[in-house]
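Peer 1: Encoded as structure tokens, here's the structure I'll be asking about.
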Amino acid sequence: MKILVTGGLGFIGSHTAVELQQAGFEVVIIDNCSNASESVLDGIEGITGKRPEFVKMDLRDKAAVEDFFSQHPEVDGVIHFAASKAVGESVEKPLLYYENNLGTLVYLLGQLSTRPKAHFIFSSSCTVYGQAEKMPITEDAPVQPAESPYGNTKQVGEEIIRDTCKVTEHLQAIALRYFNPIGAHPSTEIGELPLGVPQNLVPFITQTAAGIRKELSVFGDDYPTPDGTCIRDYIHVVDLARAHVVALQRLLEGKNKANYEVFNIGTGTGSSVLEVIRSFERVSGKPLNYKIVGRRAGDVISAYADTMHANQELGWKAESTLDDAMRSAWDWEKKIRGL
Ligand code: WQD
């Protein structure tokens with residue numbers, strides 16, 4: 001069984017390619033290398049001993065997408081990660097985000113719809129909930145107006161899939177709403193490689209500890225939370241990758257209860273920014289240099305998952321703790337910096 005992983009050189013895509021191979025699937029990766037390098041294939045092979053087939057391609061090239069599917073009749077499962085994902089950049093360049101995140105989705109679904117059977121896993125995000133009223137957040141929490149074009153592409157992407165599945169019985173799809181993916185593969189063969197100054201908390205922490213950044217700015221400690229800093233659900237990227245495999249297996253085995261389903265993928269536990277810093281200091285034995293600054297626009301106060309639906313229906317549960325994830329992030333940072 002050959003599975004297409006789009007964006008498979010990226011952070012979550014590469015970890016998912018490893019878990020797919022280890023579950024016995026053959027993997028073909030499409031990536032345009034705009035945000036990741038082909039050398040990630042060495043890391044995947046270093047872990048599994050199998051080098052995925054790789055096609056360097058931009059999914060915005062409709063003819064190339066058609067060619068790929070006509071040359072790969074054996075592919076009947078797709079896990080779609082390829083997308084632009086920088087919230088701030090999406091505000092500056094909305095059309096880039098709508099073309100790259102939605103135009104490509106339409107091309108992929110168009111190809112899958114012509115197949116006798118097709119199985120599709122979509123990389124969605126807890127960002128669709130905005131600031132949810134109730135914690136933990138369940139899948140039936142209302143989708144709030146997106147705070148950014150990036151978040152809107154996740155909301156609209158889900159609607160495009162839902163509407164296509166309504167009229168395409170043989171298309172079976174699942175959207176996974178990720179919370180905050182962090183960490184790296186324990187082998188340190190693959191991990192997160194943010195380009196430029198990291199926007200996300202955990203790579204900024206590890207780069208500060210590695211001496212690449214002077215200090216971490218904590219964006220606000222005056223929120224209505226126990227320690228005043230924002231709360232998120234930080235999930236180890238390997239746990240997240242495994243969720244993709246079980247979701248795909250659910251579709252391949254026909255165990256899904258509808259041809260479009262949505263699952264929250266998180267740990268179910270909320271951690272504040274200061275708790276993440278303490279976790280890092282515990283696992284690294286290094287005090288972190290940080291200062292409290294003003295709030296960052298667009299940040300929600302708290303977001304963590306109710307994972308009952310995934311636990312019960314997918315038989316999946318996150319296994320790693322925050323300390324496990326922070327340790328793996330630090331081991332990866334030390335590896336790539338030669339520390
Ligand atoms: C987490 C917390 C910050 C950096 C984003 C995207 C979301 C998803 C995951 C793709 C917040 C604080 C951060 C820093 C800080 N991506 N922080 N100093 O914003 O929850 O989610 O990544 O799907 O769509 O929005 O993650 O890591 O940026 O921030 O204090 O230098 O850390 O204020 O409270 P976020 P994050």
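Ligands are numbered from 1 in the order shown, residues from 1 within each chain, and chains are lettered A, B, ... in the order they appear in the structure tokens.
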Near region 184-190 of chain A, within 6 Å and counting only C-alpha atoms, which residues show up once chain neighbours fewer than 6 positions away are dropped, as a list in words?
Peer 2: Gly43, Ser328, Ala329 and Trp332 of chain A
Peer 1: Using only C-alpha atoms, determine which residues lie at most 6 Å from region 276-291 of chain A, disregarding the query and same-chain residues fewer than 3 positions distant; provide the list as a VMD selection string.
Peer 2: chain A and resid 215 to 218 273 323 326 to 327
Peer 1: Hey, could you make a per-residue contact list for region 164-227 of chain A against region 133-147 of chain A with 12 Å as the cut-off, showing the nearest pair of atoms and its distance in Å to one decimal, counting only C-alpha atoms, sorted by chain and number, as a Markdown table?
Peer 2:
```
| residue | atom | partner | partner_atom | distance |
| --- | --- | --- | --- | --- |
| A:Ala175 | CA | A:Glu139 | CA | 10.8 |
| A:Leu176 | CA | A:Glu139 | CA | 10.2 |
| A:Arg177 | CA | A:Glu139 | CA | 8.7 |
| A:Tyr178 | CA | A:Glu139 | CA | 11.5 |
| A:Phe179 | CA | A:Ile137 | CA | 10.4 |
```
Peer 1: Mind writing the picked residues with N, CA, C and O atoms as an mmCIF file, in the first residue's frame?
Peer 2:
```cif
data_model
loop_
_atom_site.group_PDB
_atom_site.id
_atom_site.type_symbol
_atom_site.label_atom_id
_atom_site.label_comp_id
_atom_site.auth_asym_id
_atom_site.auth_seq_id
_atom_site.Cartn_x
_atom_site.Cartn_y
_atom_site.Cartn_z
ATOM 1 N N ALA A 175 -10.139 14.942 9.134
ATOM 2 C CA ALA A 175 -9.348 16.147 9.444
ATOM 3 C C ALA A 175 -8.840 15.991 10.882
ATOM 4 O O ALA A 175 -9.630 15.681 11.792
ATOM 5 N N LEU A 176 -7.539 16.173 11.055
ATOM 6 C CA LEU A 176 -6.960 16.124 12.403
ATOM 7 C C LEU A 176 -6.641 17.552 12.835
ATOM 8 O O LEU A 176 -5.874 18.251 12.169
ATOM 9 N N ARG A 177 -7.263 17.991 13.921
ATOM 10 C CA ARG A 177 -7.033 19.343 14.449
ATOM 11 C C ARG A 177 -5.921 19.261 15.500
ATOM 12 O O ARG A 177 -6.143 18.873 16.640
ATOM 13 N N TYR A 178 -4.704 19.653 15.044
ATOM 14 C CA TYR A 178 -3.549 19.560 15.937
ATOM 15 C C TYR A 178 -3.596 20.673 16.971
ATOM 16 O O TYR A 178 -3.955 21.807 16.645
ATOM 17 N N PHE A 179 -3.105 20.384 18.146
ATOM 18 C CA PHE A 179 -2.832 21.453 19.095
ATOM 19 C C PHE A 179 -1.386 21.893 18.867
ATOM 20 O O PHE A 179 -1.039 22.157 17.693
#
```
Peer 1: Report, in Å to a single decimal, how far apart atom 8 (C, counted along the ligand's line) of ligand 1 and CA of Leu41 (chain A) are.
Peer 2: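 Separation between CA of Leu41 (chain A) and atom 8 (C, counted along the ligand's line) of ligand 1: 24.0 Å.
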Peer 1: Could you pull the residues within 8 Å of region 52-61 of chain A, counting only C-alpha atoms, minus those fewer than 6 positions along the same chain, as a list in words?
Peer 2: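 Counting only C-alpha atoms, the residues come to Ala17, Glu26, Val27, Val28, Ile29, Ile30, Asp31, Asn32, Cys33, Leu41, Ile44, Glu45, Glu99, Asn100, Gly103, Thr104 and Tyr107 of chain A.
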Peer 1: List every residue of region 26-240 of chain A that DSSP, applied to the backbone, labels as helix (DSSP H, G or I), and write the result as a PyMOL selection string.
Peer 2: chain A and resi 40-48+62-71+87-92+94-113+126-129+149-166+201-209+237-240
Peer 1: Would you pick out the contacts of Glu275 (chain A) at 12 Å or less, using only C-alpha atoms, so that residues sharing its chain but fewer than 6 positions from it are not included, and give the list as a VMD selection string?
Peer 2: chain A and resid 201 to 202 218 225 to 234 269 281 to 282 322 to 323 326
Peer 1: Could you write out that same residue set with N, CA, C and O atoms as a CSV table (one decimal), in the first residue's frame?
Peer 2:
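Once written, again-v4.csv looks like this:
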```csv
chain,number,residue,atom,x,y,z
A,201,LEU,N,7.2,28.9,20.4
A,201,LEU,CA,7.8,29.0,21.7
A,201,LEU,C,9.0,28.0,21.9
A,201,LEU,O,10.1,28.4,22.3
A,202,VAL,N,8.7,26.7,21.6
A,202,VAL,CA,9.7,25.7,21.9
A,202,VAL,C,11.0,25.8,21.1
A,202,VAL,O,12.1,25.8,21.7
A,218,VAL,N,8.8,36.4,26.9
A,218,VAL,CA,7.5,35.8,27.2
A,218,VAL,C,6.4,36.8,27.0
A,218,VAL,O,6.4,37.9,27.6
A,225,THR,N,-4.9,33.4,34.0
A,225,THR,CA,-4.5,32.0,34.1
A,225,THR,C,-3.7,31.9,35.4
A,225,THR,O,-3.3,32.9,36.0
A,226,PRO,N,-3.6,30.7,36.0
A,226,PRO,CA,-2.9,30.6,37.3
A,226,PRO,C,-1.6,31.3,37.4
A,226,PRO,O,-1.4,32.0,38.4
A,227,ASP,N,-0.7,31.3,36.4
A,227,ASP,CA,0.5,32.0,36.6
A,227,ASP,C,0.6,33.3,35.6
A,227,ASP,O,1.6,33.9,35.5
A,228,GLY,N,-0.5,33.6,35.0
A,228,GLY,CA,-0.6,34.8,34.2
A,228,GLY,C,-0.1,34.6,32.7
A,228,GLY,O,-0.3,35.5,31.9
A,229,THR,N,0.4,33.4,32.4
A,229,THR,CA,0.9,33.2,31.0
A,229,THR,C,-0.1,32.3,30.3
A,229,THR,O,-0.8,31.5,30.9
A,230,CYS,N,-0.1,32.4,29.0
A,230,CYS,CA,-1.0,31.6,28.2
A,230,CYS,C,-0.9,30.1,28.3
A,230,CYS,O,0.3,29.6,28.5
A,231,ILE,N,-2.0,29.4,28.1
A,231,ILE,CA,-2.0,27.9,28.3
A,231,ILE,C,-2.2,27.3,26.9
A,231,ILE,O,-3.1,27.7,26.1
A,232,ARG,N,-1.4,26.3,26.6
A,232,ARG,CA,-1.6,25.5,25.3
A,232,ARG,C,-1.4,24.0,25.6
A,232,ARG,O,-1.0,23.6,26.7
A,233,ASP,N,-1.7,23.2,24.6
A,233,ASP,CA,-1.6,21.8,24.7
A,233,ASP,C,-0.5,21.3,23.8
A,233,ASP,O,-0.6,21.2,22.6
A,234,TYR,N,0.7,21.1,24.5
A,234,TYR,CA,1.9,20.8,23.7
A,234,TYR,C,2.0,19.3,23.5
A,234,TYR,O,2.1,18.5,24.5
A,269,THR,N,-3.9,17.9,28.2
A,269,THR,CA,-3.4,18.7,29.3
A,269,THR,C,-2.9,20.1,28.8
A,269,THR,O,-2.2,20.2,27.8
A,281,GLU,N,14.0,23.7,31.8
A,281,GLU,CA,15.1,23.8,32.8
A,281,GLU,C,15.4,22.5,33.5
A,281,GLU,O,16.5,22.1,33.8
A,282,ARG,N,14.3,21.8,33.8
A,282,ARG,CA,14.4,20.5,34.5
A,282,ARG,C,15.1,19.5,33.6
A,282,ARG,O,16.0,18.8,34.1
A,322,LEU,N,5.2,16.2,28.8
A,322,LEU,CA,5.9,17.5,28.4
A,322,LEU,C,7.4,17.4,28.5
A,322,LEU,O,8.1,17.8,27.6
A,323,ASP,N,7.8,16.8,29.6
A,323,ASP,CA,9.3,16.7,29.8
A,323,ASP,C,9.9,15.8,28.7
A,323,ASP,O,11.0,16.1,28.2
A,326,MET,N,10.1,18.0,25.7
A,326,MET,CA,11.2,19.1,25.8
A,326,MET,C,12.6,18.5,25.8
A,326,MET,O,13.5,19.1,25.2
```
Peer 1: Per residue of chain A within 9 Å of ligand 1, record the nearest atom pair and its distance in Å to one decimal, counting only C-alpha atoms and all ligand atoms, with rows in chain order and ascending residue number, as CSV.
Peer 2:
```
residue,atom,partner,partner_atom_place_in_ligand_line,distance
A:Lys85,CA,ligand 1,10 (C),5.8
A:Ala86,CA,ligand 1,16 (N),7.4
A:Val87,CA,ligand 1,25 (O),6.0
A:Gly88,CA,ligand 1,25 (O),8.9
A:Ser123,CA,ligand 1,23 (O),8.2
A:Ser124,CA,ligand 1,23 (O),6.9
A:Ser125,CA,ligand 1,23 (O),4.9
A:Cys126,CA,ligand 1,24 (O),6.8
A:Thr127,CA,ligand 1,24 (O),5.0
A:Val128,CA,ligand 1,24 (O),8.4
A:Tyr150,CA,ligand 1,24 (O),7.6
A:Gly151,CA,ligand 1,24 (O),6.5
A:Lys154,CA,ligand 1,23 (O),8.5
A:Arg177,CA,ligand 1,23 (O),8.4
A:Tyr178,CA,ligand 1,23 (O),6.7
A:Phe179,CA,ligand 1,9 (C),6.5
A:Asn180,CA,ligand 1,9 (C),4.8
A:Pro181,CA,ligand 1,9 (C),6.7
A:Ile182,CA,ligand 1,27 (O),8.6
A:Pro198,CA,ligand 1,31 (O),7.3
A:Gln199,CA,ligand 1,28 (O),5.4
A:Asn200,CA,ligand 1,27 (O),3.3
A:Leu201,CA,ligand 1,4 (C),3.7
A:Val202,CA,ligand 1,27 (O),6.2
A:Pro203,CA,ligand 1,27 (O),8.2
A:Phe204,CA,ligand 1,31 (O),5.7
A:Ile205,CA,ligand 1,31 (O),7.6
A:Leu216,CA,ligand 1,31 (O),5.8
A:Ser217,CA,ligand 1,18 (N),5.1
A:Val218,CA,ligand 1,30 (O),3.5
A:Phe219,CA,ligand 1,30 (O),4.0
A:Gly220,CA,ligand 1,30 (O),6.9
A:Asp221,CA,ligand 1,30 (O),8.9
A:Thr229,CA,ligand 1,34 (O),6.7
A:Cys230,CA,ligand 1,34 (O),4.3
A:Ile231,CA,ligand 1,34 (O),6.3
A:Arg232,CA,ligand 1,20 (O),6.1
A:Asp233,CA,ligand 1,20 (O),8.3
A:Tyr234,CA,ligand 1,1 (C),8.7
A:Ser272,CA,ligand 1,34 (O),7.5
A:Val273,CA,ligand 1,32 (O),5.6
A:Leu274,CA,ligand 1,30 (O),8.7
A:Val276,CA,ligand 1,32 (O),8.9
A:Ile292,CA,ligand 1,30 (O),8.1
A:Val293,CA,ligand 1,30 (O),8.4
A:Arg295,CA,ligand 1,33 (O),6.8
A:Arg296,CA,ligand 1,33 (O),5.8
A:Ala297,CA,ligand 1,33 (O),8.5
A:Gly298,CA,ligand 1,19 (O),8.0
A:Asp299,CA,ligand 1,33 (O),5.8
A:Val300,CA,ligand 1,34 (O),7.2
A:Ile301,CA,ligand 1,34 (O),7.2
A:Ser302,CA,ligand 1,34 (O),8.1
A:Ala303,CA,ligand 1,20 (O),7.8
```
Peer 1: CA of Phe11 (chain A) and CA of Ser39 (chain A) are how many Å apart?
Peer 2: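 These two atoms are separated by 12.8 Å.
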Peer 1: For a test of reading the model, state the distance in Å between CA of Val91 (chain A) and CA of Ser148 (chain A), rounded to one decimal.
Peer 2: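 If I compute the distance from CA of Val91 (chain A) to CA of Ser148 (chain A), I get 6.0 Å.
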Peer 1: So, with only C-alpha atoms as the atoms that count, which of A:Pro224, A:Gly196, A:Gly183, A:Gly338 lies closest to Ile12 (chain A)?
Peer 2: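 The answer is A:Gly183, which sits nearest to Ile12 (chain A).
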Peer 1: Closest to Leu195 (chain A) among A:Val18, A:Ala23, A:Ala36, A:Asn152, using only C-alpha atoms?
Peer 2: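 Nearest to Leu195 (chain A): A:Ala36.
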Peer 1: Running DSSP on the backbone, which parts of region 56-271 of chain A land in strand (DSSP E or B), as an MDAnalysis selection string?
Peer 2: chainID A and resid 56 75:80 118:125 137 171:178 180:182 216:219 231:232 234:236 260:265 271
Peer 1: Using only C-alpha atoms, which residues sit within 8 Å of region 162-168 of chain A once same-chain residues fewer than 6 positions away are excluded, as a list in words?
Peer 2: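 Answer for this query is Leu109, Ser113, Asn259 and Tyr260 of chain A.
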Peer 1: Take the selection from the previous step and output its residues with all heavy atoms, as a PDB file, in the first residue's frame.
Peer 2:
```pdb
ATOM      1  N   LEU A 109      -7.947  16.965  -4.221  1.00  0.00           N
ATOM      2  CA  LEU A 109      -9.262  16.322  -4.086  1.00  0.00           C
ATOM      3  C   LEU A 109      -9.846  16.004  -5.456  1.00  0.00           C
ATOM      4  O   LEU A 109     -10.511  14.974  -5.649  1.00  0.00           O
ATOM      5  CB  LEU A 109     -10.213  17.228  -3.290  1.00  0.00           C
ATOM      6  CG  LEU A 109      -9.867  17.414  -1.814  1.00  0.00           C
ATOM      7  CD1 LEU A 109     -10.820  18.426  -1.176  1.00  0.00           C
ATOM      8  CD2 LEU A 109      -9.910  16.092  -1.050  1.00  0.00           C
ATOM      9  N   SER A 113     -10.952  12.279  -6.335  1.00  0.00           N
ATOM     10  CA  SER A 113     -12.370  12.013  -6.629  1.00  0.00           C
ATOM     11  C   SER A 113     -12.538  11.120  -7.851  1.00  0.00           C
ATOM     12  O   SER A 113     -13.554  10.457  -8.015  1.00  0.00           O
ATOM     13  CB  SER A 113     -13.117  13.339  -6.860  1.00  0.00           C
ATOM     14  OG  SER A 113     -12.973  14.148  -5.724  1.00  0.00           O
ATOM     15  N   ASN A 259     -18.042   9.531   5.969  1.00  0.00           N
ATOM     16  CA  ASN A 259     -16.873   9.674   5.070  1.00  0.00           C
ATOM     17  C   ASN A 259     -16.161  10.997   5.267  1.00  0.00           C
ATOM     18  O   ASN A 259     -15.246  11.335   4.530  1.00  0.00           O
ATOM     19  CB  ASN A 259     -17.244   9.403   3.613  1.00  0.00           C
ATOM     20  CG  ASN A 259     -18.054  10.516   2.988  1.00  0.00           C
ATOM     21  OD1 ASN A 259     -18.775  11.226   3.691  1.00  0.00           O
ATOM     22  ND2 ASN A 259     -17.931  10.661   1.682  1.00  0.00           N
ATOM     23  N   TYR A 260     -16.591  11.774   6.291  1.00  0.00           N
ATOM     24  CA  TYR A 260     -15.797  12.926   6.728  1.00  0.00           C
ATOM     25  C   TYR A 260     -15.900  13.006   8.252  1.00  0.00           C
ATOM     26  O   TYR A 260     -16.997  13.150   8.803  1.00  0.00           O
ATOM     27  CB  TYR A 260     -16.263  14.234   6.094  1.00  0.00           C
ATOM     28  CG  TYR A 260     -15.492  15.424   6.619  1.00  0.00           C
ATOM     29  CD1 TYR A 260     -14.099  15.471   6.514  1.00  0.00           C
ATOM     30  CD2 TYR A 260     -16.134  16.471   7.279  1.00  0.00           C
ATOM     31  CE1 TYR A 260     -13.370  16.539   7.019  1.00  0.00           C
ATOM     32  CE2 TYR A 260     -15.411  17.538   7.792  1.00  0.00           C
ATOM     33  CZ  TYR A 260     -14.027  17.564   7.662  1.00  0.00           C
ATOM     34  OH  TYR A 260     -13.314  18.616   8.185  1.00  0.00           O
TER      35      TYR A 260
END
```
Peer 1: Show me, as a PDB file with C-alpha atoms, in the first residue's frame, the residues that have an atom within 10 Å of Leu252 (chain A) when counting only C-alpha atoms, minus same-chain residues fewer than 4 positions from it.
Peer 2:
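Now in around.pdb:
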```pdb
ATOM      1  CA  MET A   1       0.000   0.000   0.000  1.00  0.00           C
ATOM      2  CA  ASP A  76      -4.840   5.355  -2.744  1.00  0.00           C
ATOM      3  CA  GLY A  77      -4.051   7.146   0.485  1.00  0.00           C
ATOM      4  CA  LYS A 117     -11.558   4.574  -3.667  1.00  0.00           C
ATOM      5  CA  ALA A 118      -9.558   7.281  -1.952  1.00  0.00           C
ATOM      6  CA  HIS A 119      -8.478   7.921   1.620  1.00  0.00           C
ATOM      7  CA  PHE A 120      -7.481  11.438   2.696  1.00  0.00           C
ATOM      8  CA  GLN A 172     -13.164   8.856   2.795  1.00  0.00           C
ATOM      9  CA  VAL A 246      -4.190   5.212  13.087  1.00  0.00           C
ATOM     10  CA  ALA A 247      -6.516   7.667  11.342  1.00  0.00           C
ATOM     11  CA  LEU A 248      -5.413   6.342   7.936  1.00  0.00           C
ATOM     12  CA  ASN A 256     -15.018   5.255   9.920  1.00  0.00           C
TER      13      ASN A 256
END
```
Peer 1: Using only C-alpha atoms for the distances, tell me which of A:Phe263, A:Phe81, A:Tyr97, A:Tyr129 is nearest to Glu313 (chain A).
Peer 2: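 Among the listed residues, A:Phe263 lies closest to Glu313 (chain A).
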